[in-house]
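Undergrad: Input file: start.cif. Contents: mmCIF, C-alpha atoms.
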```cif
data_model
#
loop_
_atom_site.label_atom_id
_atom_site.label_comp_id
_atom_site.auth_asym_id
_atom_site.auth_seq_id
_atom_site.Cartn_x
_atom_site.Cartn_y
_atom_site.Cartn_z
CA MET L 1 22.87 36.85 0.44
CA SER L 2 24.78 34.33 -1.70
CA ASP L 3 23.13 31.58 -3.74
CA THR L 4 24.10 28.95 -1.16
CA ASP L 5 22.36 31.00 1.52
CA ASN L 6 19.10 30.32 -0.31
CA PHE L 7 19.42 26.53 0.09
CA TYR L 8 17.82 24.94 3.14
CA THR L 9 17.33 21.56 4.78
CA LEU L 10 13.69 20.99 5.73
CA ILE L 11 13.15 18.81 8.80
CA THR L 12 9.62 17.81 9.71
CA GLY L 13 8.97 16.92 13.33
CA ALA L 14 11.79 19.21 14.48
CA SER L 15 10.03 20.15 17.71
CA SER L 16 10.92 16.94 19.55
CA GLY L 17 12.63 13.57 19.48
CA ILE L 18 14.77 12.54 16.55
CA GLY L 19 13.85 15.57 14.46
CA LYS L 20 14.90 17.97 17.21
CA ALA L 21 18.18 16.15 17.84
CA LEU L 22 18.96 16.13 14.13
CA ALA L 23 18.18 19.85 13.80
CA ILE L 24 20.51 20.72 16.66
CA ARG L 25 23.29 18.56 15.20
CA LEU L 26 23.00 20.00 11.68
CA SER L 27 22.43 23.60 12.68
CA GLY L 28 26.10 24.57 12.64
CA ALA L 29 26.65 23.40 9.07
CA ARG L 30 23.32 24.04 7.30
CA ARG L 31 20.46 26.49 7.07
CA LEU L 32 17.35 24.77 8.35
CA ILE L 33 13.60 24.99 8.04
CA LEU L 34 12.29 23.65 11.34
CA HIS L 35 8.82 22.19 10.98
CA GLY L 36 6.36 21.20 13.68
CA ARG L 37 2.80 21.95 14.68
CA ASP L 38 3.74 23.76 17.91
CA GLY L 39 5.45 27.11 17.39
CA GLN L 40 6.57 27.40 21.00
CA ARG L 41 8.33 24.04 20.92
CA LEU L 42 9.93 24.93 17.59
CA ASN L 43 11.33 28.08 19.18
CA GLU L 44 12.78 25.92 21.93
CA THR L 45 14.52 23.82 19.28
CA LEU L 46 15.76 26.98 17.59
CA ALA L 47 17.17 28.28 20.86
CA ASN L 48 19.32 25.14 21.11
CA CYS L 49 20.61 25.44 17.54
CA ALA L 50 23.90 26.96 16.48
CA ASN L 51 23.50 30.13 14.41
CA PRO L 52 19.80 30.54 15.25
CA ASP L 53 19.48 33.56 12.97
CA HIS L 54 20.30 31.30 9.98
CA HIS L 55 17.24 29.11 10.45
CA LEU L 56 13.51 29.42 9.81
CA ILE L 57 10.43 28.07 11.57
CA TRP L 58 7.45 26.64 9.70
CA PRO L 59 4.60 25.74 12.04
CA TYR L 60 2.06 23.50 10.31
CA ASN L 61 -0.22 20.67 11.37
CA LEU L 62 0.34 17.76 8.99
CA LEU L 63 -3.18 16.51 9.67
CA GLU L 64 -4.35 19.41 7.47
CA ILE L 65 -3.22 17.60 4.36
CA ASP L 66 -5.36 19.57 1.91
CA GLY L 67 -3.47 22.82 2.48
CA LEU L 68 -0.01 21.35 2.97
CA ALA L 69 1.47 21.82 -0.50
CA GLN L 70 0.01 25.29 -0.90
CA GLY L 71 1.26 26.34 2.53
CA LEU L 72 4.80 25.14 1.90
CA ALA L 73 4.90 26.65 -1.59
CA ALA L 74 3.88 30.03 -0.18
CA PHE L 75 6.45 29.75 2.62
CA LEU L 76 9.28 29.16 0.12
CA ALA L 77 8.12 31.77 -2.39
CA GLU L 78 7.74 34.53 0.20
CA ARG L 79 11.35 34.05 1.27
CA GLY L 80 12.87 33.29 -2.11
CA ILE L 81 14.44 30.05 -0.88
CA SER L 82 14.78 26.45 -2.05
CA VAL L 83 14.94 23.12 -0.23
CA GLU L 84 18.11 21.15 -0.97
CA CYS L 85 17.55 18.36 1.56
CA PHE L 86 14.33 17.00 3.05
CA VAL L 87 14.14 14.92 6.23
CA HIS L 88 10.74 13.50 7.17
CA SER L 89 10.95 12.85 10.89
CA ALA L 90 7.38 13.75 11.84
CA GLY L 91 5.38 10.81 13.07
CA VAL L 92 2.49 9.71 15.23
CA VAL L 93 1.82 6.35 16.83
CA LYS L 94 -1.50 5.01 18.08
CA VAL L 95 -1.58 1.56 19.67
CA LEU L 96 -4.94 0.13 18.69
CA PRO L 97 -6.21 -3.42 18.28
CA ILE L 98 -7.74 -3.85 14.84
CA ARG L 99 -11.27 -4.00 16.30
CA SER L 100 -10.80 -0.42 17.58
CA VAL L 101 -9.46 1.09 14.37
CA ASP L 102 -11.73 3.55 12.60
CA TYR L 103 -11.34 5.72 9.53
CA ARG L 104 -10.40 8.81 11.53
CA ALA L 105 -7.60 7.12 13.46
CA LEU L 106 -6.29 5.49 10.30
CA GLY L 107 -6.39 8.81 8.45
CA GLU L 108 -4.43 10.60 11.17
CA ILE L 109 -1.69 7.98 11.23
CA MET L 110 -1.37 7.77 7.44
CA ASN L 111 -1.53 11.53 6.88
CA VAL L 112 1.26 12.37 9.32
CA ASN L 113 3.52 9.36 8.74
CA PHE L 114 3.14 8.87 4.99
CA VAL L 115 0.83 11.12 2.96
CA SER L 116 2.46 14.34 4.18
CA ALA L 117 5.84 13.07 2.97
CA VAL L 118 4.38 12.35 -0.46
CA GLU L 119 2.80 15.82 -0.62
CA ILE L 120 6.04 17.57 0.36
CA ILE L 121 8.22 15.58 -2.04
CA SER L 122 5.75 16.05 -4.88
CA LEU L 123 5.93 19.80 -4.33
CA LEU L 124 9.70 19.97 -3.98
CA VAL L 125 10.32 18.27 -7.33
CA LYS L 126 8.26 20.88 -9.19
CA LYS L 127 10.68 23.01 -11.19
CA LYS L 128 8.71 26.23 -10.76
CA ILE L 129 8.53 25.78 -6.99
CA ASN L 130 11.94 24.43 -5.96
CA HIS L 131 13.97 24.99 -9.16
CA GLN L 132 15.39 21.42 -9.29
CA HIS L 133 17.45 22.02 -6.15
CA LEU L 134 16.32 18.95 -4.19
CA LYS L 135 19.37 16.67 -3.77
CA ASP L 136 18.66 14.45 -0.77
CA ILE L 137 15.60 12.88 0.86
CA LEU L 138 15.77 11.00 4.16
CA LEU L 139 12.69 9.28 5.57
CA ILE L 140 12.73 8.28 9.23
CA SER L 141 10.90 4.96 9.25
CA SER L 142 10.71 2.12 11.77
CA ILE L 143 11.50 -1.56 12.08
CA ALA L 144 7.79 -1.87 12.87
CA SER L 145 7.35 -1.96 9.09
CA ASN L 146 9.06 -5.37 9.06
CA PHE L 147 8.12 -6.88 12.42
CA GLY L 148 4.56 -7.20 13.64
CA ALA L 149 3.35 -6.37 17.15
CA PRO L 150 -0.13 -6.40 18.71
CA GLY L 151 -1.85 -3.04 18.35
CA PHE L 152 0.67 -1.66 15.88
CA SER L 153 -1.00 -2.71 12.63
CA MET L 154 -1.86 0.81 11.44
CA TYR L 155 1.47 2.33 12.52
CA SER L 156 3.35 -0.54 10.90
CA ALA L 157 1.34 -0.15 7.70
CA SER L 158 2.14 3.56 7.52
CA LYS L 159 5.85 2.89 7.91
CA GLY L 160 5.68 0.07 5.38
CA ALA L 161 4.18 2.54 2.91
CA LEU L 162 7.05 4.93 3.68
CA ASP L 163 9.61 2.18 3.00
CA SER L 164 7.98 1.31 -0.32
CA LEU L 165 7.94 4.99 -1.26
CA MET L 166 11.66 5.20 -0.57
CA ARG L 167 12.51 2.20 -2.72
CA SER L 168 10.51 3.42 -5.71
CA LEU L 169 11.63 7.05 -5.47
CA ALA L 170 15.28 6.00 -5.17
CA VAL L 171 14.96 4.57 -8.68
CA GLU L 172 12.63 7.23 -10.09
CA MET L 173 14.64 10.21 -8.89
CA ALA L 174 18.19 8.97 -9.55
CA PRO L 175 20.68 10.35 -10.29
CA ARG L 176 19.56 13.90 -9.47
CA THR L 177 18.16 13.12 -6.03
CA ARG L 178 19.30 10.53 -3.50
CA VAL L 179 16.53 8.86 -1.45
CA ASN L 180 17.14 6.85 1.73
CA ALA L 181 15.33 5.69 4.85
CA ILE L 182 16.40 4.82 8.38
CA LEU L 183 14.36 2.05 10.00
CA ALA L 184 14.73 2.97 13.65
CA GLY L 185 14.10 0.58 16.51
CA GLY L 186 12.95 1.57 19.98
CA VAL L 187 14.14 5.10 20.74
CA LYS L 188 13.55 7.22 23.85
CA THR L 189 11.47 10.08 22.48
CA PRO L 190 8.38 11.91 23.76
CA MET L 191 6.31 9.89 21.29
CA ALA L 192 7.53 6.69 22.95
CA ASP L 193 6.98 7.88 26.53
CA ALA L 194 3.48 6.41 26.79
CA LEU L 195 4.70 3.06 25.49
CA LEU L 196 7.66 2.98 27.85
CA ALA L 197 5.37 3.77 30.79
CA ASP L 198 3.85 0.31 30.35
CA PRO L 199 5.94 -2.21 32.33
CA ASP L 200 5.13 -5.02 29.89
CA THR L 201 6.35 -2.96 26.92
CA THR L 202 9.48 -1.90 28.78
CA ALA L 203 10.21 -5.54 29.62
CA LYS L 204 9.68 -6.54 25.98
CA PHE L 205 12.07 -3.83 24.80
CA ALA L 206 14.63 -5.01 27.35
CA ARG L 207 14.41 -8.52 25.87
CA ASP L 208 14.51 -7.33 22.26
CA TYR L 209 17.36 -4.79 22.61
CA PRO L 210 20.44 -6.31 24.28
CA LEU L 211 22.24 -2.94 24.04
CA GLY L 212 19.28 -1.08 25.53
CA ILE L 213 16.66 1.24 24.06
CA GLY L 214 18.17 3.79 21.72
CA GLU L 215 18.61 7.53 22.13
CA PRO L 216 17.79 10.13 19.43
CA ASP L 217 21.50 10.74 18.88
CA ASP L 218 21.91 7.11 17.81
CA ILE L 219 19.69 7.83 14.82
CA VAL L 220 21.30 11.22 14.22
CA ASN L 221 24.71 9.57 14.02
CA VAL L 222 23.45 7.49 11.09
CA ALA L 223 21.58 10.35 9.42
CA GLU L 224 24.43 12.83 9.59
#
```
For the structure just supplied, provide its representation as structure tokens.

TA:
Amino acid sequence: MSDTDNFYTLITGASSGIGKALAIRLSGARRLILHGRDGQRLNETLANCANPDHHLIWPYNLLEIDGLAQGLAAFLAERGISVECFVHSAGVVKVLPIRSVDYRALGEIMNVNFVSAVEIISLLVKKKINHQHLKDILLISSIASNFGAPGFSMYSASKGALDSLMRSLAVEMAPRTRVNAILAGGVKTPMADALLADPDTTAKFARDYPLGIGEPDDIVNVAE
């Protein structure tokens, strides 16, 4: 195995939606670590990838934030590999009016959408863990961070935190590591299915998006 064979792109949320589409697109040119909480769905993603024997699966539930860094560190050390690029595509959305928000719901949204990204990046910049090989970070955010909507306060706040993280890290980590974010609009993904099942939401999206609701490949085209 050559040195370049030890360098991987880690994609969180690779079991569905944008993360899955991005994994399939990149699979012919890169070695990937496909992350998700459902091993079966990750294997389905892997089956659709080019060169499936070049890629690895890392099943982990990002709600378990306390063991995240340790779990990823062990995964990399056991295989003698490094992460060169990190894409944080994992996300969860809960539509809740502020009167219904509780600490548990807030914690779930923040842990998956924001805190897990911080934990992973903090680990990957440690010299003894990733050997200064991290070159690119891409955070999949949302225009919800900039535009309010009823029931989306916690989701919007989590994406706003992700945007702020990107702006600060882009300065802190330059020039060794490039940090960017994509603020996606409405995209047809499994996570959005429940929202799109609501006629009022579908009508609102139709008004707000003259070109129609996006597809995962629209985001992949920008990310690639």

Undergrad: Expanded to explicit residues, what is the PyMOL selection byres ((chain L and resi 188) around 8) for this file, as a PyMOL selection string?

TA: chain L and resi 17+186-187+189-190+192-193+213-216

Undergrad: Would you pick out the contacts of Asn111 of chain L at 10 Å or less, using all atoms listed in the file, so that residues sharing its chain but fewer than 6 positions from it are not included, and give the list as an NGL selection string?

TA: :L and (62-65 or 91-92 or 105 or 117-119 or 158)

Undergrad: For those residues, write C-alpha atoms to a file as a PDB file, keeping the file's coordinate frame.

TA:
```pdb
ATOM      1  CA  LEU L  62       0.340  17.760   8.990  1.00  0.00           C
ATOM      2  CA  LEU L  63      -3.180  16.510   9.670  1.00  0.00           C
ATOM      3  CA  GLU L  64      -4.350  19.410   7.470  1.00  0.00           C
ATOM      4  CA  ILE L  65      -3.220  17.600   4.360  1.00  0.00           C
ATOM      5  CA  GLY L  91       5.380  10.810  13.070  1.00  0.00           C
ATOM      6  CA  VAL L  92       2.490   9.710  15.230  1.00  0.00           C
ATOM      7  CA  ALA L 105      -7.600   7.120  13.460  1.00  0.00           C
ATOM      8  CA  ALA L 117       5.840  13.070   2.970  1.00  0.00           C
ATOM      9  CA  VAL L 118       4.380  12.350  -0.460  1.00  0.00           C
ATOM     10  CA  GLU L 119       2.800  15.820  -0.620  1.00  0.00           C
ATOM     11  CA  SER L 158       2.140   3.560   7.520  1.00  0.00           C
TER      12      SER L 158
END
```

Undergrad: Once the PyMOL selection byres ((chain L and resi 142-151) around 9) is applied to the coordinates I shared, what remains selected? I want it as a PyMOL selection string.

TA: chain L and resi 94-98+140-141+152-163+182-186

Undergrad: Okay, now the selection with C-alpha atoms, as an mmCIF file, in the frame of the given file?

TA:
```
data_model
loop_
_atom_site.group_PDB
_atom_site.id
_atom_site.type_symbol
_atom_site.label_atom_id
_atom_site.label_comp_id
_atom_site.auth_asym_id
_atom_site.auth_seq_id
_atom_site.Cartn_x
_atom_site.Cartn_y
_atom_site.Cartn_z
ATOM 1 C CA LYS L 94 -1.500 5.010 18.080
ATOM 2 C CA VAL L 95 -1.580 1.560 19.670
ATOM 3 C CA LEU L 96 -4.940 0.130 18.690
ATOM 4 C CA PRO L 97 -6.210 -3.420 18.280
ATOM 5 C CA ILE L 98 -7.740 -3.850 14.840
ATOM 6 C CA ILE L 140 12.730 8.280 9.230
ATOM 7 C CA SER L 141 10.900 4.960 9.250
ATOM 8 C CA PHE L 152 0.670 -1.660 15.880
ATOM 9 C CA SER L 153 -1.000 -2.710 12.630
ATOM 10 C CA MET L 154 -1.860 0.810 11.440
ATOM 11 C CA TYR L 155 1.470 2.330 12.520
ATOM 12 C CA SER L 156 3.350 -0.540 10.900
ATOM 13 C CA ALA L 157 1.340 -0.150 7.700
ATOM 14 C CA SER L 158 2.140 3.560 7.520
ATOM 15 C CA LYS L 159 5.850 2.890 7.910
ATOM 16 C CA GLY L 160 5.680 0.070 5.380
ATOM 17 C CA ALA L 161 4.180 2.540 2.910
ATOM 18 C CA LEU L 162 7.050 4.930 3.680
ATOM 19 C CA ASP L 163 9.610 2.180 3.000
ATOM 20 C CA ILE L 182 16.400 4.820 8.380
ATOM 21 C CA LEU L 183 14.360 2.050 10.000
ATOM 22 C CA ALA L 184 14.730 2.970 13.650
ATOM 23 C CA GLY L 185 14.100 0.580 16.510
ATOM 24 C CA GLY L 186 12.950 1.570 19.980
#
```

Undergrad: Give as a PyMOL selection string the residues that the PyMOL selection byres ((chain L and resi 15) around 12) matches when applied to the coordinates above.

TA: chain L and resi 11-14+16-24+33-49+57-60+89-91+189-191

Undergrad: Those same residues, written as an mmCIF file, in the coordinates of the input with C-alpha atoms?

TA:
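Done, and the output landed in result11.cif:
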```cif
data_model
loop_
_atom_site.group_PDB
_atom_site.id
_atom_site.type_symbol
_atom_site.label_atom_id
_atom_site.label_comp_id
_atom_site.auth_asym_id
_atom_site.auth_seq_id
_atom_site.Cartn_x
_atom_site.Cartn_y
_atom_site.Cartn_z
ATOM 1 C CA ILE L 11 13.150 18.810 8.800
ATOM 2 C CA THR L 12 9.620 17.810 9.710
ATOM 3 C CA GLY L 13 8.970 16.920 13.330
ATOM 4 C CA ALA L 14 11.790 19.210 14.480
ATOM 5 C CA SER L 16 10.920 16.940 19.550
ATOM 6 C CA GLY L 17 12.630 13.570 19.480
ATOM 7 C CA ILE L 18 14.770 12.540 16.550
ATOM 8 C CA GLY L 19 13.850 15.570 14.460
ATOM 9 C CA LYS L 20 14.900 17.970 17.210
ATOM 10 C CA ALA L 21 18.180 16.150 17.840
ATOM 11 C CA LEU L 22 18.960 16.130 14.130
ATOM 12 C CA ALA L 23 18.180 19.850 13.800
ATOM 13 C CA ILE L 24 20.510 20.720 16.660
ATOM 14 C CA ILE L 33 13.600 24.990 8.040
ATOM 15 C CA LEU L 34 12.290 23.650 11.340
ATOM 16 C CA HIS L 35 8.820 22.190 10.980
ATOM 17 C CA GLY L 36 6.360 21.200 13.680
ATOM 18 C CA ARG L 37 2.800 21.950 14.680
ATOM 19 C CA ASP L 38 3.740 23.760 17.910
ATOM 20 C CA GLY L 39 5.450 27.110 17.390
ATOM 21 C CA GLN L 40 6.570 27.400 21.000
ATOM 22 C CA ARG L 41 8.330 24.040 20.920
ATOM 23 C CA LEU L 42 9.930 24.930 17.590
ATOM 24 C CA ASN L 43 11.330 28.080 19.180
ATOM 25 C CA GLU L 44 12.780 25.920 21.930
ATOM 26 C CA THR L 45 14.520 23.820 19.280
ATOM 27 C CA LEU L 46 15.760 26.980 17.590
ATOM 28 C CA ALA L 47 17.170 28.280 20.860
ATOM 29 C CA ASN L 48 19.320 25.140 21.110
ATOM 30 C CA CYS L 49 20.610 25.440 17.540
ATOM 31 C CA ILE L 57 10.430 28.070 11.570
ATOM 32 C CA TRP L 58 7.450 26.640 9.700
ATOM 33 C CA PRO L 59 4.600 25.740 12.040
ATOM 34 C CA TYR L 60 2.060 23.500 10.310
ATOM 35 C CA SER L 89 10.950 12.850 10.890
ATOM 36 C CA ALA L 90 7.380 13.750 11.840
ATOM 37 C CA GLY L 91 5.380 10.810 13.070
ATOM 38 C CA THR L 189 11.470 10.080 22.480
ATOM 39 C CA PRO L 190 8.380 11.910 23.760
ATOM 40 C CA MET L 191 6.310 9.890 21.290
#
```

Undergrad: Given the choices L:Lys135, L:Pro199, L:Leu32, L:Glu108, which gets closest to Ala170 of chain L if the distance is worked out from all atoms listed in the file?

TA: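 Closest candidate: L:Lys135.
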
Undergrad: Which residue is closest to Val179 of chain L? Choose from L:Arg99, L:His54, L:Arg79, L:His88 and count all atoms listed in the file.

TA: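 The answer is L:His88, which sits nearest to Val179 of chain L.
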
Undergrad: For Asn6 of chain L, which residue out of L:Arg176, L:Arg167, L:Arg25, L:Arg31 is the nearest one, using all atoms listed in the file?

TA: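 So, comparing all the options, the nearest one is L:Arg31.
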
Undergrad: Identify which of the residues L:Ser82, L:Leu169, L:Ala174, L:Leu72 lies closest to Leu123 of chain L, counting all atoms listed in the file when measuring atom-to-atom distances.

TA: L:Leu72

Undergrad: Here is a test: counting only C-alpha atoms, which residue of L:Tyr103, L:Phe205, L:Phe7, L:Phe114 is nearest to Leu139 of chain L?

TA: L:Phe114

Undergrad: In Å, how far is it from atom CA of Gly107 of chain L to atom CA of Asp200 of chain L?

TA: 28.0 Å

Undergrad: Using only C-alpha atoms, pick whichever of L:Ala73, L:Val83, L:Ile137, L:Leu56 has the shortest atom-to-atom distance to Tyr8 of chain L.

TA: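 Comparing L:Ala73, L:Val83, L:Ile137, L:Leu56 against Tyr8 of chain L, the winner is L:Val83.
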
Undergrad: Could you work out how far atom CA of Gln132 of chain L lies from atom CA of Gln70 of chain L, giving the answer in Å with one decimal?

TA: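 Distance reported for this atom pair: 17.9 Å.
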
Undergrad: Suppose you want the space between atom CA of Asn130 of chain L and atom CA of Ala77 of chain L; what is it in Å?

TA: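 Atom CA of Asn130 of chain L sits 9.0 Å away from atom CA of Ala77 of chain L.
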